Amino acid sequence: MKEGCSVKNNLYFCLELLTQKLKLSMKRLFFIFSCLVSFVCASAQRANYDIIPLPKEVKADTTQFFTLTSGMGIAYDAANSESARIAAFLQTWVKEALGLQLALTPEAKKAPIRLALASPAQKGKKAKPAALTQQQKESYTLTVGKDGILISAFEPAGLFRAAETLRKSLPATGKASEHVELPFVTITDQPRFSYRGVLLDCGRHFFSVEFIKQFLDVMALHGCNQFHWHLTEDQGWRFEVKALPDLAKKGSIRERTVIGPARMNIYDNIPYGGYYTQEECREVVRYAAERYINVVPEVDMPGHMQSALHVFPNLGCTGGPYPVAVKWGVMRDVLCGGNPETLDFLKTVFGELCDVFPSPYIHIGGDECPKERWQKCPKCQAKIKELGLTSDPKTDGDGGRGSQDGRSAENKLQTFINHEIEQFLASRGRSIIGWDEILSGGLTEDAIVMSWRGTKGGVAAAKQKHRVIMSPNVFAYIDHPQLKDYGKQPRTTDSYIVSCSKMYSFEPLVPEELSSEESDYILGVQTNLWTEHVAYPEHALYQLLPRLGAMSEVQWCNPEQKDFENFKTRLPRLEKLYDKMGVVYCREVE
Ligand code: ACM
Ligand code: ZN
């Protein structure tokens, strides 16, 4: 420190001295100081690899940097059109984040960013290459060194996940920048689970294709790869079936919607509707596929079918009439299990669903199907007799024969329907997924169980060597509030809170109950956004974010990597990107 300053020990005095010496006014000095600060800030546009979800391995050297500047090229693999599309995504994201304009080129030699598809290493020269697992297909290596950025993967899906990682590593400052510095790094990444899903209920409320695309963008940002599209509900049928045009036309519209608790019987008296044409569904499938997301369509049966019964009352046990439901909850009226027309109807619907959705999985619902009507229905009882189904008194303790649980003859009749549909879908090369109630009457051969009433159903299914997707309500239902103070958030399903930290703490392999062999049946994890109380896109995004960030680490990271306190320190950078994308999110985390 200079003598004059140390003697007076007064900052103002120092500045005065300096201005006198330099013959500058305080104003001009301040201007120079501001320029210096902005220069330092501008040159500090630096990438940071502390992203969400955290990659499997990050080896960074923060003493060396590669500088990315406008005009540099992104080279794609000329032999692979998908890599050109991924390069174009990256180009857009870099432009959005920093204003840097990069060029696309098939010329790898000249480009400092390269996307390369690599062949997996083979054991022996003659050995047939082993088929890649889903996780390997999405794995990648991202290296930053003196020559630039190299992204390498076995499949385009891996290139895409890497491009998202690079996007999240860049500063999303919103300030235009001439360059960005990337610390040298080697990132080696692979997701933990093959199935990383999000459900959007478009039955209770209808969401536009435009919003669904935004939803898919947000999913891709979090490394999710399965969009579970809940397309049919008691309160509205949303999927066009060309052979049954009235199904969507009439079944999609409810006359009014309950407001507040059901027992109060207060309605808005406004007709509500909307459905997706098959063309629109194909557009969603295409958009999702470009982001390496599979669309799993759900037609929920034999319960949650009142909108279909409205159009085809002959398919109900009582013959109707049935309105499209105007209240929330579990309806007594379900498809008749003994009427052969029910199976014809289902095969028509699932047939067209297969035409539109290439997904290897088709969700058949199966939840919340009370059996009261089936117990009294002559057709259902005749079918039970014909099939020789009997109630098992020892295991039928869960609420009697009308219950969805227990091995009652009626629950076995539901299994018979599942079996018929499973066979039908197998002939189209598809597997069924069902909610955990499908365990009650006995699982069909190939059924995948989606465990929602806790992890119990998933554990039981894995022990029976069936594939499982964990989606336990207390950890994964994001229609529930995320903050303790109900007053701080929009009204939702308010029976319990699913905070970010609660979601983050979920361990899907349930090690206390499953052996490591059994846990191999757990395909992955899904978060579910039911929409009884979520009618608008902004509200849907508020429910989703930032909880999807927490869920993405459950889906992607190994347990030893997870640390909620550390997650919270990484979240603000992701939130900057949410801001950039213009998506709403909850700004508090508990
Ligand atoms: C469900 O939440 N009824 C699957
Ligand atoms: Zn019946």
# chains A, B, ... in the order shown; residues from 1 in each chain; ligands from 1

call {"tool": "residues_around", "arguments": {"residues": "A:Arg573", "least_positions_apart": "3", "cutoff": "9 Å", "atoms": "only C-alpha atoms", "output": "list of chain:residue names"}}
result
A:Asp50, A:Ile51, A:Lys168, A:Ser169, A:Pro171, A:Ala172, A:Thr569, A:Arg570, A:Lys576, A:Leu577, A:Tyr578

call {"tool": "select_by_dssp", "arguments": {"residues": "stretch 281-471 of chain A", "states": "alpha helix (DSSP H)", "output": "VMD selection string"}}
result
chain A and resid 281 to 290 306 to 311 340 to 356 372 to 376 378 to 387 409 to 426 456 to 463

call {"tool": "residues_near_ligand", "arguments": {"ligand": "ligand 2", "cutoff": "8 Å", "atoms": "only C-alpha atoms and all ligand atoms", "output": "short mmCIF file (atom, residue, chain, number, x, y, z; two decimals) with N, CA and C atoms, in the first residue's frame"}}
result
data_model
loop_
_atom_site.label_atom_id
_atom_site.label_comp_id
_atom_site.auth_asym_id
_atom_site.auth_seq_id
_atom_site.Cartn_x
_atom_site.Cartn_y
_atom_site.Cartn_z
N GLY A 316 -71.30 -50.35 -20.31
CA GLY A 316 -71.36 -50.32 -18.84
C GLY A 316 -72.25 -51.44 -18.32
N CYS A 317 -72.06 -51.82 -17.07
CA CYS A 317 -72.85 -52.92 -16.51
C CYS A 317 -74.33 -52.56 -16.37
N THR A 318 -74.62 -51.27 -16.09
CA THR A 318 -76.01 -50.89 -15.84
C THR A 318 -76.71 -50.36 -17.10
N LEU A 335 -66.03 -50.18 -17.30
CA LEU A 335 -66.40 -51.05 -18.43
C LEU A 335 -66.91 -52.38 -17.90
N CYS A 336 -67.94 -52.93 -18.54
CA CYS A 336 -68.46 -54.23 -18.13
C CYS A 336 -67.43 -55.32 -18.50
N GLY A 337 -67.06 -56.11 -17.52
CA GLY A 337 -66.04 -57.15 -17.75
C GLY A 337 -66.59 -58.40 -18.43
N GLY A 338 -67.94 -58.48 -18.52
CA GLY A 338 -68.52 -59.71 -19.07
C GLY A 338 -69.08 -59.53 -20.47
N ASN A 339 -69.07 -58.32 -20.96
CA ASN A 339 -69.65 -58.02 -22.26
C ASN A 339 -68.58 -58.19 -23.35
N ARG A 373 -70.09 -52.86 -9.39
CA ARG A 373 -70.98 -53.14 -10.52
C ARG A 373 -70.80 -54.57 -11.02
N TRP A 374 -69.57 -55.02 -11.10
CA TRP A 374 -69.28 -56.36 -11.60
C TRP A 374 -69.90 -57.44 -10.70
N LYS A 376 -72.67 -57.33 -9.21
CA LYS A 376 -74.11 -57.43 -9.40
C LYS A 376 -74.50 -57.66 -10.84
N CYS A 377 -73.55 -57.56 -11.74
CA CYS A 377 -73.87 -57.59 -13.18
C CYS A 377 -74.00 -59.04 -13.67
N PRO A 378 -75.14 -59.40 -14.28
CA PRO A 378 -75.29 -60.79 -14.76
C PRO A 378 -74.23 -61.16 -15.81
N LYS A 379 -73.88 -60.23 -16.66
CA LYS A 379 -72.87 -60.54 -17.69
C LYS A 379 -71.51 -60.81 -17.05
N CYS A 380 -71.13 -59.97 -16.11
CA CYS A 380 -69.82 -60.14 -15.45
C CYS A 380 -69.80 -61.47 -14.69
N GLN A 381 -70.89 -61.74 -13.98
CA GLN A 381 -70.92 -62.98 -13.18
C GLN A 381 -70.94 -64.21 -14.08
#

call {"tool": "atom_distance", "arguments": {"atom1": "atom CA of A:Ile86", "atom2": "atom CA of A:Val198"}}
result
22.6 Å

call {"tool": "closest_atom_pairs", "arguments": {"of": "chain A", "to": "ligand 1", "cutoff": "10 Å", "atoms": "only C-alpha atoms and all ligand atoms", "output": "JSON lines"}}
result
{"residue": "A:Asp300", "atom": "CA", "partner": "ligand 1", "partner_atom_place_in_ligand_line": "4 (C)", "distance": 9.4}
{"residue": "A:His304", "atom": "CA", "partner": "ligand 1", "partner_atom_place_in_ligand_line": "3 (N)", "distance": 9.1}
{"residue": "A:Gly329", "atom": "CA", "partner": "ligand 1", "partner_atom_place_in_ligand_line": "3 (N)", "distance": 9.3}
{"residue": "A:Val330", "atom": "CA", "partner": "ligand 1", "partner_atom_place_in_ligand_line": "3 (N)", "distance": 8.6}
{"residue": "A:Gly365", "atom": "CA", "partner": "ligand 1", "partner_atom_place_in_ligand_line": "4 (C)", "distance": 7.5}
{"residue": "A:Gly366", "atom": "CA", "partner": "ligand 1", "partner_atom_place_in_ligand_line": "4 (C)", "distance": 8.3}
{"residue": "A:Asp367", "atom": "CA", "partner": "ligand 1", "partner_atom_place_in_ligand_line": "3 (N)", "distance": 5.5}
{"residue": "A:Glu368", "atom": "CA", "partner": "ligand 1", "partner_atom_place_in_ligand_line": "3 (N)", "distance": 6.1}
{"residue": "A:Cys369", "atom": "CA", "partner": "ligand 1", "partner_atom_place_in_ligand_line": "3 (N)", "distance": 9.6}
{"residue": "A:Gly434", "atom": "CA", "partner": "ligand 1", "partner_atom_place_in_ligand_line": "4 (C)", "distance": 8.9}
{"residue": "A:Trp435", "atom": "CA", "partner": "ligand 1", "partner_atom_place_in_ligand_line": "4 (C)", "distance": 5.8}
{"residue": "A:Asp436", "atom": "CA", "partner": "ligand 1", "partner_atom_place_in_ligand_line": "4 (C)", "distance": 8.0}
{"residue": "A:Glu437", "atom": "CA", "partner": "ligand 1", "partner_atom_place_in_ligand_line": "4 (C)", "distance": 8.9}
{"residue": "A:Met450", "atom": "CA", "partner": "ligand 1", "partner_atom_place_in_ligand_line": "4 (C)", "distance": 8.3}
{"residue": "A:Ser451", "atom": "CA", "partner": "ligand 1", "partner_atom_place_in_ligand_line": "4 (C)", "distance": 8.3}
{"residue": "A:Trp452", "atom": "CA", "partner": "ligand 1", "partner_atom_place_in_ligand_line": "4 (C)", "distance": 6.0}
{"residue": "A:Arg453", "atom": "CA", "partner": "ligand 1", "partner_atom_place_in_ligand_line": "2 (O)", "distance": 7.7}
{"residue": "A:Ser471", "atom": "CA", "partner": "ligand 1", "partner_atom_place_in_ligand_line": "4 (C)", "distance": 9.0}
{"residue": "A:Pro472", "atom": "CA", "partner": "ligand 1", "partner_atom_place_in_ligand_line": "2 (O)", "distance": 9.1}
{"residue": "A:Asn473", "atom": "CA", "partner": "ligand 1", "partner_atom_place_in_ligand_line": "2 (O)", "distance": 7.3}
{"residue": "A:Tyr477", "atom": "CA", "partner": "ligand 1", "partner_atom_place_in_ligand_line": "2 (O)", "distance": 8.1}
{"residue": "A:Asn528", "atom": "CA", "partner": "ligand 1", "partner_atom_place_in_ligand_line": "2 (O)", "distance": 8.1}
{"residue": "A:Leu529", "atom": "CA", "partner": "ligand 1", "partner_atom_place_in_ligand_line": "2 (O)", "distance": 9.4}
{"residue": "A:Trp530", "atom": "CA", "partner": "ligand 1", "partner_atom_place_in_ligand_line": "2 (O)", "distance": 7.7}

call {"tool": "write_last_selection", "arguments": {"atoms": "N, CA, C and O atoms", "output": "tab-separated table (two decimals), in the first residue's frame"}}
result
chain	number	residue	atom	x	y	z
A	300	ASP	N	-56.62	-45.70	-19.98
A	300	ASP	CA	-56.83	-46.30	-18.66
A	300	ASP	C	-58.12	-47.13	-18.66
A	300	ASP	O	-59.21	-46.60	-18.89
A	304	HIS	N	-61.93	-45.73	-14.73
A	304	HIS	CA	-61.65	-44.39	-15.29
A	304	HIS	C	-62.14	-44.27	-16.74
A	304	HIS	O	-61.48	-43.68	-17.58
A	329	GLY	N	-62.36	-37.97	-8.51
A	329	GLY	CA	-62.49	-39.12	-7.62
A	329	GLY	C	-62.58	-40.42	-8.39
A	329	GLY	O	-62.33	-40.48	-9.59
A	330	VAL	N	-62.94	-41.47	-7.66
A	330	VAL	CA	-63.01	-42.81	-8.26
A	330	VAL	C	-64.48	-43.12	-8.56
A	330	VAL	O	-65.32	-43.06	-7.66
A	365	GLY	N	-53.40	-48.71	-17.90
A	365	GLY	CA	-54.09	-48.22	-16.70
A	365	GLY	C	-54.25	-49.34	-15.69
A	365	GLY	O	-53.28	-49.89	-15.20
A	366	GLY	N	-55.52	-49.65	-15.39
A	366	GLY	CA	-55.79	-50.75	-14.46
A	366	GLY	C	-56.01	-50.32	-13.03
A	366	GLY	O	-56.36	-51.14	-12.17
A	367	ASP	N	-55.85	-49.02	-12.74
A	367	ASP	CA	-55.98	-48.56	-11.35
A	367	ASP	C	-57.43	-48.25	-11.02
A	367	ASP	O	-58.28	-48.07	-11.90
A	368	GLU	N	-57.71	-48.20	-9.73
A	368	GLU	CA	-58.96	-47.68	-9.19
A	368	GLU	C	-60.19	-48.14	-9.99
A	368	GLU	O	-60.95	-47.32	-10.52
A	369	CYS	N	-60.33	-49.46	-10.04
A	369	CYS	CA	-61.51	-50.02	-10.72
A	369	CYS	C	-62.35	-50.77	-9.68
A	369	CYS	O	-62.17	-51.98	-9.48
A	434	GLY	N	-49.02	-51.50	-16.37
A	434	GLY	CA	-50.26	-51.24	-15.63
A	434	GLY	C	-49.94	-50.71	-14.25
A	434	GLY	O	-48.86	-50.99	-13.69
A	435	TRP	N	-50.86	-49.93	-13.69
A	435	TRP	CA	-50.71	-49.46	-12.31
A	435	TRP	C	-50.74	-50.68	-11.38
A	435	TRP	O	-51.21	-51.76	-11.78
A	436	ASP	N	-50.28	-50.49	-10.14
A	436	ASP	CA	-50.01	-51.68	-9.31
A	436	ASP	C	-51.25	-52.50	-8.93
A	436	ASP	O	-51.12	-53.64	-8.48
A	437	GLU	N	-52.45	-51.98	-9.17
A	437	GLU	CA	-53.65	-52.78	-8.91
A	437	GLU	C	-53.69	-54.04	-9.80
A	437	GLU	O	-54.40	-55.00	-9.47
A	450	MET	N	-46.34	-50.46	-12.68
A	450	MET	CA	-45.99	-49.10	-12.28
A	450	MET	C	-46.50	-48.92	-10.85
A	450	MET	O	-47.71	-48.88	-10.61
A	451	SER	N	-45.57	-48.85	-9.93
A	451	SER	CA	-45.91	-48.88	-8.50
A	451	SER	C	-46.21	-47.47	-8.01
A	451	SER	O	-45.31	-46.64	-7.92
A	452	TRP	N	-47.47	-47.20	-7.69
A	452	TRP	CA	-47.83	-45.83	-7.29
A	452	TRP	C	-48.29	-45.74	-5.84
A	452	TRP	O	-48.11	-44.72	-5.21
A	453	ARG	N	-48.86	-46.83	-5.30
A	453	ARG	CA	-49.31	-46.76	-3.91
A	453	ARG	C	-48.13	-47.18	-3.02
A	453	ARG	O	-48.13	-48.24	-2.41
A	471	SER	N	-43.04	-45.29	-8.98
A	471	SER	CA	-43.63	-43.96	-9.01
A	471	SER	C	-44.47	-43.76	-7.76
A	471	SER	O	-45.67	-43.44	-7.83
A	472	PRO	N	-43.88	-43.98	-6.59
A	472	PRO	CA	-44.66	-43.97	-5.34
A	472	PRO	C	-45.18	-42.57	-5.03
A	472	PRO	O	-44.42	-41.60	-5.06
A	473	ASN	N	-46.47	-42.51	-4.72
A	473	ASN	CA	-47.12	-41.20	-4.58
A	473	ASN	C	-46.43	-40.27	-3.58
A	473	ASN	O	-46.25	-39.09	-3.87
A	477	TYR	N	-45.54	-37.77	-6.59
A	477	TYR	CA	-46.77	-37.14	-7.09
A	477	TYR	C	-46.68	-35.62	-6.96
A	477	TYR	O	-46.88	-35.05	-5.89
A	528	ASN	N	-45.27	-38.00	-11.51
A	528	ASN	CA	-46.60	-37.90	-12.11
A	528	ASN	C	-47.26	-36.57	-11.82
A	528	ASN	O	-47.38	-36.17	-10.66
A	529	LEU	N	-47.70	-35.92	-12.86
A	529	LEU	CA	-48.43	-34.66	-12.70
A	529	LEU	C	-49.89	-34.87	-13.05
A	529	LEU	O	-50.28	-34.84	-14.23
A	530	TRP	N	-50.69	-35.15	-12.02
A	530	TRP	CA	-52.15	-35.26	-12.19
A	530	TRP	C	-52.72	-33.85	-12.18
A	530	TRP	O	-52.17	-32.96	-11.52

call {"tool": "atom_distance", "arguments": {"atom1": "atom CA of A:Leu541", "atom2": "atom CA of A:Val296"}}
result
20.2 Å

call {"tool": "atom_distance", "arguments": {"atom1": "atom CA of A:Asp494", "atom2": "atom CA of A:His363"}}
result
26.7 Å

call {"tool": "residues_around", "arguments": {"residues": "A:Asp217", "least_positions_apart": "4", "cutoff": "8 Å", "atoms": "only C-alpha atoms", "output": "list in words"}}
result
Lys213, Leu221 and Arg291 of chain A

call {"tool": "residues_around", "arguments": {"residues": "A:Ala121", "least_positions_apart": "4", "cutoff": "12 Å", "atoms": "only C-alpha atoms", "output": "ChimeraX atom specification"}}
result
/A:125,127-132,153-154

call {"tool": "write_last_selection", "arguments": {"atoms": "N, CA and C atoms", "output": "compact mmCIF listing (two decimals), in the first residue's frame"}}
result
# COMPACT_ATOMS: atom_id res chain seq x y z
N LYS A 125 -11.69 -59.95 -31.65
CA LYS A 125 -11.93 -59.47 -33.02
C LYS A 125 -13.12 -60.18 -33.66
N ALA A 127 -15.57 -61.70 -31.99
CA ALA A 127 -16.79 -61.70 -31.16
C ALA A 127 -17.85 -60.78 -31.78
N LYS A 128 -19.11 -61.27 -31.74
CA LYS A 128 -20.22 -60.46 -32.23
C LYS A 128 -20.44 -59.30 -31.26
N PRO A 129 -20.59 -58.06 -31.75
CA PRO A 129 -20.77 -56.98 -30.79
C PRO A 129 -22.06 -57.17 -29.98
N ALA A 130 -21.93 -56.98 -28.67
CA ALA A 130 -23.11 -57.15 -27.80
C ALA A 130 -24.05 -55.97 -28.02
N ALA A 131 -25.37 -56.27 -27.91
CA ALA A 131 -26.35 -55.18 -28.06
C ALA A 131 -26.16 -54.20 -26.91
N LEU A 132 -26.29 -52.92 -27.23
CA LEU A 132 -26.11 -51.90 -26.19
C LEU A 132 -27.33 -51.85 -25.28
N ALA A 153 -20.06 -40.52 -28.62
CA ALA A 153 -21.10 -41.41 -28.07
C ALA A 153 -21.30 -42.58 -29.03
N PHE A 154 -21.92 -43.66 -28.52
CA PHE A 154 -22.19 -44.82 -29.38
C PHE A 154 -23.38 -44.55 -30.29

call {"tool": "closest_residue", "arguments": {"among": "A:Phe89, A:Phe239, A:Tyr322, A:Trp328", "to": "A:Ile74", "atoms": "only C-alpha atoms"}}
result
A:Phe89

call {"tool": "closest_atom_pairs", "arguments": {"of": "stretch 339-364 of chain A", "to": "stretch 406-418 of chain A", "cutoff": "10 Å", "atoms": "only C-alpha atoms", "output": "JSON lines"}}
result
{"residue": "A:Thr342", "atom": "CA", "partner": "A:Ile417", "partner_atom": "CA", "distance": 9.2}
{"residue": "A:Leu343", "atom": "CA", "partner": "A:Ile417", "partner_atom": "CA", "distance": 7.4}
{"residue": "A:Leu346", "atom": "CA", "partner": "A:Ile417", "partner_atom": "CA", "distance": 9.5}
{"residue": "A:Ile364", "atom": "CA", "partner": "A:Asn418", "partner_atom": "CA", "distance": 8.0}

call {"tool": "write_last_selection", "arguments": {"atoms": "C-alpha atoms", "output": "PDB file, in the first residue's frame"}}
result
ATOM      1  CA  THR A 342     -65.866 -54.457 -24.257  1.00  0.00           C
ATOM      2  CA  LEU A 343     -62.942 -56.426 -25.670  1.00  0.00           C
ATOM      3  CA  LEU A 346     -60.594 -52.073 -26.424  1.00  0.00           C
ATOM      4  CA  ILE A 364     -53.307 -49.961 -20.013  1.00  0.00           C
TER       5      ILE A 364
END

call {"tool": "closest_residue", "arguments": {"among": "A:Val474, A:Leu170, A:Val284, A:Ala163", "to": "A:Ser495", "atoms": "only C-alpha atoms"}}
result
A:Val474

call {"tool": "residues_around", "arguments": {"residues": "A:Val94", "least_positions_apart": "6", "cutoff": "9 Å", "atoms": "only C-alpha atoms", "output": "ChimeraX atom specification"}}
result
/A:100-102,167,170

call {"tool": "residues_around", "arguments": {"residues": "A:Gln190", "least_positions_apart": "2", "cutoff": "10 Å", "atoms": "only C-alpha atoms", "output": "PyMOL selection string"}}
result
chain A and resi 55-57+134-141+158+161-162+187-188+192-194+556-558

call {"tool": "closest_residue", "arguments": {"among": "A:Gly223, A:Gly148, A:Pro106, A:Gly203", "to": "A:Ile253", "atoms": "only C-alpha atoms"}}
result
A:Gly203

call {"tool": "select_by_dssp", "arguments": {"residues": "stretch 364-453 of chain A", "states": "strand (DSSP E)", "output": "CSV table (one decimal) with N, CA and C atoms, in the first residue's frame"}}
result
chain,number,residue,atom,x,y,z
A,364,ILE,N,-51.9,-49.6,-20.0
A,364,ILE,CA,-53.3,-50.0,-20.0
A,364,ILE,C,-54.1,-49.5,-18.7
A,365,GLY,N,-53.4,-48.7,-17.9
A,365,GLY,CA,-54.1,-48.2,-16.7
A,365,GLY,C,-54.3,-49.3,-15.7
A,431,SER,N,-45.3,-54.3,-25.1
A,431,SER,CA,-45.5,-54.8,-23.8
A,431,SER,C,-46.5,-53.9,-23.0
A,432,ILE,N,-47.2,-54.4,-22.1
A,432,ILE,CA,-48.1,-53.6,-21.3
A,432,ILE,C,-47.5,-53.1,-20.0
A,433,ILE,N,-47.9,-51.9,-19.7
A,433,ILE,CA,-47.6,-51.4,-18.3
A,433,ILE,C,-48.9,-51.2,-17.7
A,434,GLY,N,-49.0,-51.5,-16.4
A,434,GLY,CA,-50.3,-51.2,-15.6
A,434,GLY,C,-49.9,-50.7,-14.2
A,435,TRP,N,-50.9,-49.9,-13.7
A,435,TRP,CA,-50.7,-49.5,-12.3
A,435,TRP,C,-50.7,-50.7,-11.4
A,448,ILE,N,-45.6,-55.1,-17.0
A,448,ILE,CA,-44.7,-54.2,-16.3
A,448,ILE,C,-45.5,-53.5,-15.3
A,449,VAL,N,-45.1,-53.4,-14.0
A,449,VAL,CA,-45.9,-52.8,-13.0
A,449,VAL,C,-45.4,-51.4,-12.7
A,450,MET,N,-46.3,-50.5,-12.7
A,450,MET,CA,-46.0,-49.1,-12.3
A,450,MET,C,-46.5,-48.9,-10.9
A,451,SER,N,-45.6,-48.9,-9.9
A,451,SER,CA,-45.9,-48.9,-8.5
A,451,SER,C,-46.2,-47.5,-8.0

call {"tool": "residues_around", "arguments": {"residues": "A:Tyr275", "least_positions_apart": "5", "cutoff": "12 Å", "atoms": "only C-alpha atoms", "output": "ChimeraX atom specification"}}
result
/A:202-209,231-233,236-241,245-253,280-281

call {"tool": "write_last_selection", "arguments": {"atoms": "C-alpha atoms", "output": "PDB file, in the first residue's frame"}}
result
ATOM      1  CA  CYS A 202     -54.340 -34.520 -20.117  1.00  0.00           C
ATOM      2  CA  GLY A 203     -57.659 -36.177 -19.178  1.00  0.00           C
ATOM      3  CA  ARG A 204     -58.663 -33.984 -16.244  1.00  0.00           C
ATOM      4  CA  HIS A 205     -57.412 -30.907 -18.045  1.00  0.00           C
ATOM      5  CA  PHE A 206     -56.478 -30.590 -21.677  1.00  0.00           C
ATOM      6  CA  PHE A 207     -53.100 -29.119 -22.616  1.00  0.00           C
ATOM      7  CA  SER A 208     -52.290 -27.826 -26.086  1.00  0.00           C
ATOM      8  CA  VAL A 209     -49.754 -29.499 -28.380  1.00  0.00           C
ATOM      9  CA  LEU A 231     -54.921 -39.621 -22.581  1.00  0.00           C
ATOM     10  CA  THR A 232     -58.229 -40.837 -21.197  1.00  0.00           C
ATOM     11  CA  GLU A 233     -60.146 -40.156 -18.034  1.00  0.00           C
ATOM     12  CA  GLY A 236     -62.554 -36.468 -20.782  1.00  0.00           C
ATOM     13  CA  TRP A 237     -61.440 -38.690 -23.682  1.00  0.00           C
ATOM     14  CA  ARG A 238     -58.561 -37.009 -25.494  1.00  0.00           C
ATOM     15  CA  PHE A 239     -57.418 -39.441 -28.219  1.00  0.00           C
ATOM     16  CA  GLU A 240     -59.056 -39.511 -31.649  1.00  0.00           C
ATOM     17  CA  VAL A 241     -60.110 -43.031 -32.663  1.00  0.00           C
ATOM     18  CA  PRO A 245     -65.394 -40.780 -34.233  1.00  0.00           C
ATOM     19  CA  ASP A 246     -67.927 -39.967 -31.489  1.00  0.00           C
ATOM     20  CA  LEU A 247     -65.571 -41.197 -28.812  1.00  0.00           C
ATOM     21  CA  ALA A 248     -63.373 -38.094 -28.936  1.00  0.00           C
ATOM     22  CA  LYS A 249     -66.030 -35.745 -30.329  1.00  0.00           C
ATOM     23  CA  LYS A 250     -68.565 -36.402 -27.565  1.00  0.00           C
ATOM     24  CA  GLY A 251     -66.431 -38.090 -24.919  1.00  0.00           C
ATOM     25  CA  SER A 252     -63.990 -35.183 -24.692  1.00  0.00           C
ATOM     26  CA  ILE A 253     -66.579 -32.695 -23.434  1.00  0.00           C
ATOM     27  CA  GLU A 280     -51.288 -34.056 -33.598  1.00  0.00           C
ATOM     28  CA  CYS A 281     -50.298 -37.167 -31.654  1.00  0.00           C
TER      29      CYS A 281
END

call {"tool": "closest_residue", "arguments": {"among": "A:Ser519, A:Gln555, A:Asn225, A:Thr67", "to": "A:Ser359", "atoms": "only C-alpha atoms"}}
result
A:Asn225
